[in-house]
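Asks: Compact mmCIF, C-alpha atoms and all ligand atoms, file query.txt:
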# COMPACT_ATOMS: atom_id res chain seq x y z
CA MET A 1316 2.59 54.65 -63.83
CA VAL A 1317 2.90 50.90 -63.33
CA ALA A 1318 4.14 49.90 -59.88
CA LEU A 1319 6.71 47.13 -60.18
CA ALA A 1320 6.10 44.18 -57.92
CA LYS A 1321 8.87 43.77 -55.32
CA PRO A 1322 11.07 40.72 -55.92
CA ALA A 1323 9.41 37.98 -53.86
CA ILE A 1324 12.36 37.67 -51.50
CA GLN A 1325 12.10 41.27 -50.33
CA GLN A 1326 8.65 40.61 -49.01
CA PHE A 1327 10.08 38.41 -46.25
CA PRO A 1328 11.05 39.74 -42.87
CA PHE A 1329 14.76 40.07 -42.17
CA THR A 1330 16.89 41.32 -39.33
CA LYS A 1331 20.24 43.05 -39.00
CA THR A 1332 22.88 40.51 -37.99
CA SER A 1333 24.20 41.72 -34.68
CA CYS A 1334 24.57 38.66 -32.64
CA LYS A 1335 26.51 38.37 -29.44
CA THR A 1336 29.14 35.67 -29.33
CA SER A 1337 29.28 33.00 -26.70
CA THR A 1338 32.76 33.95 -25.51
CA LEU A 1339 31.49 37.22 -24.05
CA PHE A 1340 27.98 36.17 -23.15
CA PRO A 1341 26.52 33.45 -20.97
CA ALA A 1342 26.81 29.98 -22.39
CA ILE A 1343 23.62 28.01 -22.93
CA PRO A 1344 23.00 25.94 -19.76
CA LEU A 1345 23.99 22.32 -20.31
CA ILE A 1346 22.19 19.60 -18.37
CA ASP A 1347 23.54 16.07 -18.19
CA LEU A 1348 20.46 14.02 -17.33
CA SER A 1349 22.63 11.21 -15.95
CA LYS A 1350 24.13 13.44 -13.23
CA PRO A 1351 22.66 13.93 -9.73
CA ASP A 1352 22.85 17.73 -9.99
CA ALA A 1353 20.53 17.76 -13.04
CA LYS A 1354 17.44 18.95 -11.15
CA THR A 1355 19.22 21.86 -9.47
CA LEU A 1356 20.74 23.00 -12.75
CA ILE A 1357 17.40 22.67 -14.54
CA ILE A 1358 15.70 24.98 -12.01
CA LYS A 1359 18.48 27.55 -12.39
CA ALA A 1360 18.28 27.38 -16.21
CA CYS A 1361 14.48 27.74 -16.20
CA GLU A 1362 14.68 30.77 -13.92
CA GLU A 1363 17.51 32.50 -15.79
CA PHE A 1364 16.89 31.56 -19.42
CA GLY A 1365 13.75 29.44 -19.77
CA PHE A 1366 16.02 27.37 -21.99
CA PHE A 1367 18.68 24.66 -21.74
CA LYS A 1368 20.45 21.91 -23.64
CA VAL A 1369 20.18 18.26 -22.62
CA ILE A 1370 22.71 15.46 -23.05
CA ASN A 1371 22.53 11.80 -21.99
CA HIS A 1372 18.84 12.05 -22.77
CA GLY A 1373 18.19 8.39 -23.51
CA VAL A 1374 16.56 8.96 -26.90
CA PRO A 1375 18.19 6.48 -29.32
CA LEU A 1376 20.09 8.39 -32.02
CA GLU A 1377 18.72 5.89 -34.51
CA PHE A 1378 15.14 7.15 -33.83
CA ILE A 1379 16.31 10.68 -34.56
CA SER A 1380 18.13 9.91 -37.78
CA ARG A 1381 15.29 7.72 -39.08
CA LEU A 1382 12.73 10.47 -38.61
CA GLU A 1383 15.06 13.10 -40.03
CA ALA A 1384 15.58 10.94 -43.14
CA GLU A 1385 11.80 10.63 -43.59
CA ALA A 1386 11.36 14.39 -43.14
CA VAL A 1387 14.11 15.17 -45.68
CA LYS A 1388 12.49 12.75 -48.14
CA PHE A 1389 9.12 14.42 -47.70
CA PHE A 1390 10.46 17.98 -48.06
CA SER A 1391 12.31 16.99 -51.26
CA LEU A 1392 9.03 16.09 -53.00
CA PRO A 1393 7.66 18.51 -55.61
CA LEU A 1394 5.46 21.21 -54.07
CA PRO A 1395 2.13 19.90 -55.48
CA GLU A 1396 2.77 16.52 -53.80
CA LYS A 1397 3.53 18.12 -50.45
CA ALA A 1398 0.48 20.34 -50.75
CA GLN A 1399 -1.70 17.23 -51.12
CA VAL A 1400 -1.36 16.74 -47.36
CA GLY A 1401 -3.64 19.78 -46.97
CA PRO A 1402 -3.05 23.12 -45.22
CA PRO A 1403 -1.94 23.33 -41.56
CA ARG A 1404 -5.36 24.33 -40.23
CA PRO A 1405 -4.85 22.95 -37.72
CA PHE A 1406 -2.68 20.07 -39.02
CA GLY A 1407 -1.03 19.73 -42.40
CA TYR A 1408 1.72 21.11 -44.65
CA GLY A 1409 2.60 24.79 -44.51
CA ASN A 1410 4.86 26.82 -46.76
CA LYS A 1411 6.09 30.31 -45.74
CA SER A 1412 2.83 31.21 -44.07
CA ILE A 1413 2.83 30.67 -40.27
CA GLY A 1414 -0.36 30.61 -38.19
CA PRO A 1415 -3.68 32.17 -39.17
CA ASN A 1416 -2.75 35.87 -38.82
CA GLY A 1417 -0.46 36.77 -41.69
CA ASP A 1418 2.97 35.82 -40.29
CA VAL A 1419 5.51 34.59 -42.82
CA GLY A 1420 8.97 33.02 -42.67
CA TRP A 1421 11.54 31.31 -44.86
CA VAL A 1422 10.29 27.88 -43.84
CA GLU A 1423 8.13 24.95 -44.85
CA TYR A 1424 6.74 22.55 -42.27
CA LEU A 1425 4.44 19.76 -41.23
CA LEU A 1426 2.24 20.19 -38.15
CA PHE A 1427 0.72 17.16 -36.43
CA THR A 1428 -1.21 16.42 -33.30
CA ALA A 1429 1.17 14.46 -31.10
CA ASN A 1430 -1.53 12.19 -29.72
CA GLN A 1431 -0.42 8.94 -31.19
CA GLU A 1432 -3.85 7.42 -31.51
CA SER A 1433 -6.64 8.92 -33.57
CA ASN A 1434 -5.85 11.83 -35.87
CA LEU A 1435 -2.13 11.34 -36.03
CA GLN A 1436 -2.43 7.88 -37.56
CA ARG A 1437 -4.94 9.06 -40.12
CA PHE A 1438 -2.89 12.12 -40.99
CA VAL A 1439 0.34 10.20 -41.42
CA SER A 1440 -1.29 7.96 -44.01
CA LEU A 1441 -1.16 10.99 -46.35
CA LEU A 1442 2.56 11.51 -46.03
CA GLY A 1443 5.01 10.90 -48.86
CA LYS A 1444 5.56 7.77 -50.86
CA ASN A 1445 5.96 5.35 -47.96
CA PRO A 1446 3.66 6.50 -45.16
CA GLU A 1447 4.18 3.29 -43.17
CA LYS A 1448 7.89 4.04 -42.79
CA PHE A 1449 7.09 7.62 -41.79
CA ARG A 1450 4.51 6.41 -39.27
CA GLY A 1451 6.97 3.95 -37.65
CA ALA A 1452 9.71 6.59 -37.40
CA LEU A 1453 7.31 9.16 -35.98
CA ASN A 1454 5.80 6.82 -33.38
CA ASP A 1455 9.22 5.68 -32.10
CA TYR A 1456 10.52 9.23 -31.95
CA LEU A 1457 7.44 10.66 -30.27
CA SER A 1458 7.24 7.99 -27.55
CA ALA A 1459 10.92 8.42 -26.67
CA VAL A 1460 10.80 12.22 -26.68
CA LYS A 1461 7.59 12.37 -24.67
CA LYS A 1462 9.18 10.04 -22.07
CA MET A 1463 12.21 12.32 -21.85
CA ALA A 1464 10.03 15.44 -21.58
CA CYS A 1465 8.15 13.80 -18.69
CA GLU A 1466 11.42 12.89 -16.94
CA ILE A 1467 12.54 16.51 -17.24
CA LEU A 1468 9.20 17.78 -15.90
CA GLU A 1469 9.56 15.39 -12.95
CA LEU A 1470 13.06 16.67 -12.24
CA MET A 1471 11.58 20.18 -12.30
CA ALA A 1472 8.87 19.23 -9.79
CA ASP A 1473 11.53 17.60 -7.60
CA GLY A 1474 13.82 20.59 -7.87
CA LEU A 1475 10.93 22.88 -6.90
CA LYS A 1476 10.32 20.60 -3.87
CA ILE A 1477 6.79 19.78 -4.98
CA GLN A 1478 5.59 16.57 -3.33
CA GLN A 1479 3.61 15.35 -6.30
CA ARG A 1480 6.45 14.50 -8.67
CA ASN A 1481 4.14 14.07 -11.66
CA VAL A 1482 2.28 17.35 -11.20
CA PHE A 1483 3.52 18.62 -14.59
CA SER A 1484 4.23 15.36 -16.40
CA LYS A 1485 0.71 14.00 -15.83
CA LEU A 1486 -0.58 16.77 -18.12
CA LEU A 1487 1.46 15.36 -21.01
CA MET A 1488 0.65 11.75 -20.08
CA ASP A 1489 -3.10 12.44 -20.09
CA GLU A 1490 -4.86 10.75 -23.01
CA GLN A 1491 -6.46 14.10 -23.79
CA SER A 1492 -3.14 15.98 -23.73
CA ASP A 1493 -3.20 18.63 -26.45
CA SER A 1494 0.38 18.19 -27.63
CA VAL A 1495 1.67 19.14 -31.05
CA PHE A 1496 4.59 18.03 -33.19
CA ARG A 1497 6.26 20.08 -35.86
CA LEU A 1498 8.83 19.25 -38.55
CA ASN A 1499 10.45 22.38 -40.00
CA HIS A 1500 12.59 22.70 -43.10
CA TYR A 1501 14.45 25.98 -43.60
CA PRO A 1502 15.83 25.90 -47.15
CA PRO A 1503 19.13 27.69 -47.70
CA CYS A 1504 18.28 31.31 -48.18
CA PRO A 1505 19.62 33.31 -51.13
CA ASP A 1506 22.05 36.02 -50.03
CA ILE A 1507 20.13 39.15 -49.17
CA GLN A 1508 23.09 41.18 -47.96
CA SER A 1509 23.17 43.12 -51.19
CA LEU A 1510 19.57 44.18 -50.76
CA ASN A 1511 20.29 47.00 -48.37
CA GLY A 1512 24.07 47.12 -48.00
CA ILE A 1513 24.04 46.00 -44.35
CA ASN A 1514 24.50 42.50 -43.05
CA SER A 1515 21.04 41.02 -42.77
CA ASN A 1516 19.49 37.66 -42.23
CA MET A 1517 16.19 36.43 -43.49
CA ILE A 1518 13.85 35.36 -40.72
CA GLY A 1519 13.09 31.64 -40.93
CA PHE A 1520 10.65 31.65 -38.02
CA GLY A 1521 9.92 34.96 -36.31
CA GLU A 1522 10.40 35.64 -32.62
CA HIS A 1523 7.82 34.17 -30.29
CA THR A 1524 7.25 32.21 -27.10
CA ASP A 1525 5.61 28.78 -27.17
CA PRO A 1526 2.16 28.70 -25.56
CA GLN A 1527 2.43 25.11 -24.21
CA ILE A 1528 4.18 23.74 -21.09
CA ILE A 1529 7.45 22.49 -22.53
CA SER A 1530 9.00 22.26 -26.00
CA VAL A 1531 11.66 19.73 -26.96
CA LEU A 1532 13.67 20.71 -30.01
CA ARG A 1533 16.19 18.78 -32.04
CA SER A 1534 17.83 20.10 -35.19
CA ASN A 1535 20.44 18.98 -37.67
CA ASN A 1536 23.85 20.63 -37.51
CA THR A 1537 22.77 23.89 -39.21
CA SER A 1538 22.76 27.04 -37.09
CA GLY A 1539 19.85 29.49 -36.97
CA LEU A 1540 18.20 29.21 -33.56
CA GLN A 1541 18.54 32.26 -31.32
CA ILE A 1542 17.16 32.96 -27.87
CA SER A 1543 16.45 36.29 -26.30
CA LEU A 1544 18.07 37.15 -22.96
CA ARG A 1545 16.35 39.13 -20.21
CA ASP A 1546 17.90 42.38 -21.52
CA GLY A 1547 16.30 41.79 -24.94
CA SER A 1548 19.56 40.89 -26.72
CA TRP A 1549 19.76 37.78 -28.89
CA ILE A 1550 22.29 34.97 -28.61
CA SER A 1551 22.86 32.25 -31.19
CA VAL A 1552 22.49 28.68 -30.03
CA PRO A 1553 25.24 26.51 -31.56
CA PRO A 1554 23.52 23.54 -33.20
CA ASP A 1555 24.14 20.03 -31.86
CA GLN A 1556 22.40 17.23 -33.68
CA ASN A 1557 22.88 14.71 -30.86
CA SER A 1558 21.35 16.84 -28.11
CA PHE A 1559 17.96 18.31 -27.35
CA PHE A 1560 17.05 21.88 -26.49
CA ILE A 1561 14.27 22.54 -24.00
CA ASN A 1562 12.06 25.65 -23.94
CA VAL A 1563 9.88 26.70 -21.04
CA GLY A 1564 6.45 27.52 -22.50
CA ASP A 1565 3.94 30.16 -21.39
CA SER A 1566 1.83 27.60 -19.49
CA LEU A 1567 4.79 26.52 -17.34
CA GLN A 1568 5.53 30.17 -16.61
CA VAL A 1569 1.99 30.48 -15.25
CA LEU A 1570 2.07 27.16 -13.34
CA THR A 1571 5.20 28.42 -11.54
CA ASN A 1572 3.70 31.91 -11.02
CA GLY A 1573 6.41 33.50 -13.14
CA ARG A 1574 9.32 31.76 -11.41
CA PHE A 1575 10.20 30.04 -14.69
CA LYS A 1576 10.21 32.28 -17.75
CA SER A 1577 8.98 31.22 -21.17
CA VAL A 1578 11.79 31.93 -23.60
CA ARG A 1579 11.45 34.21 -26.63
CA HIS A 1580 13.23 32.58 -29.57
CA ARG A 1581 13.49 32.78 -33.35
CA VAL A 1582 15.24 31.11 -36.26
CA LEU A 1583 17.34 32.90 -38.87
CA ALA A 1584 17.68 31.30 -42.27
CA ASN A 1585 21.13 30.09 -43.26
CA SER A 1586 22.55 31.25 -46.57
CA SER A 1587 24.15 27.95 -47.57
CA LYS A 1588 22.71 25.03 -45.59
CA SER A 1589 19.27 23.55 -45.03
CA ARG A 1590 18.09 23.41 -41.45
CA VAL A 1591 15.74 20.63 -40.39
CA SER A 1592 14.23 20.72 -36.91
CA MET A 1593 11.70 18.59 -35.05
CA ILE A 1594 9.84 20.01 -32.10
CA TYR A 1595 7.50 18.36 -29.64
CA PHE A 1596 5.24 20.85 -27.84
CA GLY A 1597 3.91 19.23 -24.66
CA GLY A 1598 0.50 20.71 -23.83
CA PRO A 1599 -2.23 19.96 -21.27
CA PRO A 1600 -5.78 18.74 -21.99
CA LEU A 1601 -8.03 21.51 -23.34
CA SER A 1602 -10.16 21.58 -20.17
CA GLU A 1603 -7.16 21.92 -17.82
CA LYS A 1604 -7.09 24.97 -15.57
CA ILE A 1605 -3.76 26.75 -15.92
CA ALA A 1606 -2.99 28.46 -12.62
CA PRO A 1607 0.00 28.73 -10.26
CA LEU A 1608 0.46 25.62 -8.13
CA PRO A 1609 -0.61 26.43 -4.55
CA SER A 1610 2.44 24.57 -3.18
CA LEU A 1611 4.71 27.06 -4.97
CA MET A 1612 3.10 30.13 -3.45
CA LYS A 1613 5.07 31.43 -0.49
CA GLY A 1614 3.34 33.17 2.42
CA HIS A 1615 0.81 35.64 1.06
CA GLU A 1616 2.05 35.39 -2.52
CA GLN A 1617 -0.78 36.09 -4.96
CA SER A 1618 -1.25 34.65 -8.42
CA LEU A 1619 0.11 36.98 -11.09
CA TYR A 1620 -2.48 35.63 -13.53
CA LYS A 1621 -6.23 35.53 -14.02
CA GLU A 1622 -7.72 32.06 -14.12
CA PHE A 1623 -8.00 30.40 -17.51
CA THR A 1624 -8.14 27.00 -19.15
CA TRP A 1625 -5.75 25.77 -21.81
CA PHE A 1626 -8.65 25.98 -24.29
CA GLU A 1627 -9.08 29.70 -23.51
CA TYR A 1628 -5.36 30.38 -23.76
CA LYS A 1629 -5.03 28.49 -27.02
CA LYS A 1630 -7.99 30.32 -28.53
CA SER A 1631 -6.45 33.64 -27.60
CA ALA A 1632 -3.01 32.52 -28.89
CA TYR A 1633 -4.43 31.59 -32.28
CA SER A 1634 -5.90 35.05 -32.67
CA SER A 1635 -2.51 36.68 -32.00
CA LYS A 1636 0.46 37.48 -34.23
CA LEU A 1637 3.55 35.33 -33.71
CA ALA A 1638 5.60 38.02 -31.95
CA ASP A 1639 2.82 39.17 -29.60
CA ASN A 1640 3.09 38.86 -25.84
CA ARG A 1641 0.22 36.43 -25.35
CA LEU A 1642 0.36 36.22 -21.55
CA ILE A 1643 -0.20 39.94 -21.11
CA HIS A 1644 -3.98 39.46 -21.57
CA PHE A 1645 -4.03 37.04 -18.65
CA GLU A 1646 -1.94 39.02 -16.20
CA LYS A 1647 -3.63 40.54 -13.16
CA ILE A 1648 -3.27 44.28 -13.12
C1 LIG A 1701 4.17 28.66 -31.67
C2 LIG A 1701 4.52 27.25 -31.17
C3 LIG A 1701 4.09 26.14 -32.15
O1 LIG A 1701 4.96 26.12 -33.28
C4 LIG A 1701 2.64 26.36 -32.64
C5 LIG A 1701 2.61 27.70 -33.37
C6 LIG A 1701 1.29 28.12 -34.04
C7 LIG A 1701 1.28 27.77 -35.55
O2 LIG A 1701 2.33 27.75 -36.18
O3 LIG A 1701 0.18 27.57 -36.06
C8 LIG A 1701 1.13 29.64 -33.77
C9 LIG A 1701 2.24 30.00 -32.71
C10 LIG A 1701 2.72 28.65 -32.20
C11 LIG A 1701 1.72 30.90 -31.58
C12 LIG A 1701 0.67 31.97 -32.01
C13 LIG A 1701 -0.19 31.51 -33.20
C14 LIG A 1701 -0.24 30.00 -33.24
C15 LIG A 1701 1.24 30.58 -34.96
C16 LIG A 1701 0.56 31.81 -34.46
C17 LIG A 1701 0.68 32.98 -35.03
C18 LIG A 1701 2.13 25.17 -33.46
C19 LIG A 1701 1.76 26.71 -31.47
O4 LIG A 1701 1.12 25.93 -30.79
O5 LIG A 1701 1.79 28.06 -31.23
Before we go any further, please render this structure as structure tokens.
Ligand code: GA4

Replies:
Amino acid sequence: MVALAKPAIQQFPFTKTSCKTSTLFPAIPLIDLSKPDAKTLIIKACEEFGFFKVINHGVPLEFISRLEAEAVKFFSLPLPEKAQVGPPRPFGYGNKSIGPNGDVGWVEYLLFTANQESNLQRFVSLLGKNPEKFRGALNDYLSAVKKMACEILELMADGLKIQQRNVFSKLLMDEQSDSVFRLNHYPPCPDIQSLNGINSNMIGFGEHTDPQIISVLRSNNTSGLQISLRDGSWISVPPDQNSFFINVGDSLQVLTNGRFKSVRHRVLANSSKSRVSMIYFGGPPLSEKIAPLPSLMKGHEQSLYKEFTWFEYKKSAYSSKLADNRLIHFEKI
């Protein structure tokens, strides 16, 4: 007997749509960076959700729309032209396949190093029909977003009453900072509800936590992003193209000895609209030791984690599946 190949679409992961609505469940914390209470609210949000939305962020909207336009132009190219950029190992164009360990999603993307010098400049020269325009848009966007990420990290240090205000931000400012930038395009997803009779959504990007310190996400006005609450339930994050969303990463969880929680999140594909997102992942230099800050340890408080460098954590992360709990290997028993 000849086994029929499954229609391609059925080979993608999907999830039952059972999402809590924001009227009954906690609203996403909203931080107005121009207000004096920002630092207090940031600490609360990082402890409760590991996630918050930022307004009055100071990033010119023109930088955002220029980069989005370049990204849309690139993703509209025929597949063979996009593939000329080379595979995302570690930096390049990826389509449906995520990471090195067999994860897939309804997404195509570009992954870059976010260090503006060196590799980034060389890599960008491969992009699309007008790489110079892309390069300009990317540089402006990245400088502004990195500045905002550092301001937020300084508010966190302040809010935690750490004397050295730049204790976190200096890791991103370091010339050797191992930061990454990602442009994601989630094409509208054909309706899969008829596949199994229950309401389902295709997974655009499967659930995971980010390994770095902080992630700064901006998307167009298409929904899809969900975060997981402490009880394991998922809530949808209403899109807002003029704001940024901040994720606490695994490294910041460790630096705060678990006081801040890295947030598990995922993206569901939308059946009618394209979603375009841009995410800056602020990471430390490879040689940096990631350990709880002594000034945050109260009394006889012990570190919850074994000692490791960012290089060691990254190596371990890249041998994991997207949904794995990566910190578990570094917890003290
Ligand atoms: C999640 C955060 C960033 O997007 C990323 C991802 C990376 C990749 O897409 O190559 C990883 C994932 C992310 C964590 C575990 C590994 C590595 C895919 C994967 C299965 C660029 C990153 O730094 O870690």

Asks: Return the single residue from A:Leu1394, A:Val1495, A:Ile1343, A:Leu1376 that is closest to Asn1430 (chain A), with distances computed using all atoms listed in the file.

Replies: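 Looking only at the distances to Asn1430 (chain A), the closest residue turns out to be A:Val1495.
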
Asks: At most 9 Å is the cut-off: for each residue in chain A with any atom that close to an atom of ligand LIG 1701 (chain A), write down the nearest atom pair and the distance in Å rounded to one decimal, counting all atoms listed in the file, chain first then increasing number, as CSV.

Replies:
residue,atom,partner,partner_atom,distance
A:Pro1403,CA,A:LIG1701,O3,7.3
A:Arg1404,CA,A:LIG1701,O3,7.7
A:Pro1405,CA,A:LIG1701,O3,7.0
A:Phe1406,CA,A:LIG1701,O3,8.6
A:Gly1409,CA,A:LIG1701,O2,8.8
A:Ser1412,CA,A:LIG1701,O2,8.6
A:Ile1413,CA,A:LIG1701,O2,5.1
A:Gly1414,CA,A:LIG1701,C15,3.6
A:Pro1415,CA,A:LIG1701,C17,6.1
A:Asn1416,CA,A:LIG1701,C17,5.9
A:Gly1417,CA,A:LIG1701,C17,7.7
A:Asp1418,CA,A:LIG1701,C17,6.4
A:Leu1426,CA,A:LIG1701,C18,6.8
A:Phe1427,CA,A:LIG1701,C18,8.7
A:Ser1494,CA,A:LIG1701,O4,8.4
A:Val1495,CA,A:LIG1701,C18,6.5
A:Phe1496,CA,A:LIG1701,C18,7.6
A:Arg1497,CA,A:LIG1701,O1,6.7
A:His1523,CA,A:LIG1701,C1,6.8
A:Thr1524,CA,A:LIG1701,C1,6.6
A:Asp1525,CA,A:LIG1701,C2,4.4
A:Pro1526,CA,A:LIG1701,O5,5.7
A:Gln1527,CA,A:LIG1701,O4,6.8
A:Ser1530,CA,A:LIG1701,C2,8.5
A:Gly1564,CA,A:LIG1701,C2,8.9
A:Ile1594,CA,A:LIG1701,O1,7.9
A:Tyr1595,CA,A:LIG1701,C3,8.9
A:Phe1596,CA,A:LIG1701,C3,6.9
A:Gly1598,CA,A:LIG1701,O4,8.7
A:Lys1629,CA,A:LIG1701,O4,7.7
A:Ser1631,CA,A:LIG1701,C12,8.5
A:Ala1632,CA,A:LIG1701,C12,4.9
A:Tyr1633,CA,A:LIG1701,C13,4.3
A:Ser1634,CA,A:LIG1701,C13,6.7
A:Ser1635,CA,A:LIG1701,C12,5.7
A:Lys1636,CA,A:LIG1701,C17,4.6
A:Leu1637,CA,A:LIG1701,C17,3.9
A:Ala1638,CA,A:LIG1701,C17,7.7
A:Asp1639,CA,A:LIG1701,C12,7.9
A:Arg1641,CA,A:LIG1701,C12,8.0

Asks: Which residues, written as a VMD selection string, have at least one atom at most 9 Å from Phe1483 (chain A), with only C-alpha atoms counted and residues fewer than 3 positions away on the same chain left out?

Replies: chain A and resid 1465 1468 to 1469 1471 to 1472 1479 to 1480 1486 to 1487 1528 1567 1570 1599

Asks: So which one's closest to Ala1452 (chain A), A:Gly1519, A:Pro1375, A:Gly1407, A:Pro1395? Using only C-alpha atoms, please.

Replies: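 Looking only at the distances to Ala1452 (chain A), the closest residue turns out to be A:Pro1375.
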
Asks: In Å, how far is it from CA of Pro1393 (chain A) to CA of Glu1522 (chain A)?

Replies: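 So the answer is 28.8 Å.
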
Asks: Check the smallest atom-to-atom distance from each of A:Tyr1501, A:Trp1549, A:Phe1364, A:Phe1449 to Val1563 (chain A) using all atoms listed in the file, then report the winner.

Replies: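 With all atoms listed in the file as the atom set, the closest residue is A:Phe1364.
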
Asks: Show me as number ranges by chain the residues that reach within 10 Å of (-7.9, 26.1, -25.9), counting only C-alpha atoms and using the file's own coordinates.

Replies: A: 1493, 1599-1603, 1623-1633

Asks: Have a look at CA of Ser1543 (chain A) and CA of Ser1484 (chain A) and let me know their distance in Å, one decimal.

Replies: 26.2 Å

Asks: With all atoms listed in the file as the atoms that count, which of A:Cys1504, A:Leu1470, A:Ile1518, A:Leu1382 lies nearest to Lys1350 (chain A)?

Replies: A:Leu1470

Asks: What is the CA of Leu1441 (chain A) to CA of Ile1529 (chain A) distance in Å?

Replies: 27.8 Å

Asks: Since the input has fewer atoms than a full residue there, write region 1405-1418 of chain A out with N, CA and C atoms, as a compact mmCIF listing (two decimals), in the coordinates of the input.

Replies:
# COMPACT_ATOMS: atom_id res chain seq x y z
N PRO A 1405 -6.01 22.65 -38.58
CA PRO A 1405 -4.85 22.95 -37.72
C PRO A 1405 -3.63 22.11 -38.08
N PHE A 1406 -3.83 20.93 -38.77
CA PHE A 1406 -2.68 20.07 -39.02
C PHE A 1406 -2.52 19.80 -40.49
N GLY A 1407 -1.29 19.95 -40.98
CA GLY A 1407 -1.03 19.73 -42.40
C GLY A 1407 0.31 20.31 -42.79
N TYR A 1408 0.45 20.59 -44.10
CA TYR A 1408 1.72 21.11 -44.65
C TYR A 1408 1.61 22.62 -44.84
N GLY A 1409 2.59 23.34 -44.36
CA GLY A 1409 2.60 24.79 -44.51
C GLY A 1409 3.85 25.24 -45.23
N ASN A 1410 3.72 26.31 -46.01
CA ASN A 1410 4.86 26.82 -46.76
C ASN A 1410 4.87 28.34 -46.64
N LYS A 1411 5.87 28.87 -45.93
CA LYS A 1411 6.09 30.31 -45.74
C LYS A 1411 5.05 31.00 -44.85
N SER A 1412 3.83 30.56 -44.91
CA SER A 1412 2.83 31.21 -44.07
C SER A 1412 2.76 30.48 -42.71
N ILE A 1413 2.81 31.26 -41.62
CA ILE A 1413 2.83 30.67 -40.27
C ILE A 1413 1.61 31.15 -39.49
N GLY A 1414 0.81 30.24 -39.01
CA GLY A 1414 -0.36 30.61 -38.19
C GLY A 1414 -1.42 31.30 -39.04
N PRO A 1415 -2.55 31.65 -38.40
CA PRO A 1415 -3.68 32.17 -39.17
C PRO A 1415 -3.68 33.69 -39.35
N ASN A 1416 -2.63 34.40 -38.86
CA ASN A 1416 -2.75 35.87 -38.82
C ASN A 1416 -1.71 36.64 -39.63
N GLY A 1417 -1.30 36.03 -40.74
CA GLY A 1417 -0.46 36.77 -41.69
C GLY A 1417 1.04 36.73 -41.44
N ASP A 1418 1.52 35.92 -40.48
CA ASP A 1418 2.97 35.82 -40.29
C ASP A 1418 3.59 34.98 -41.41
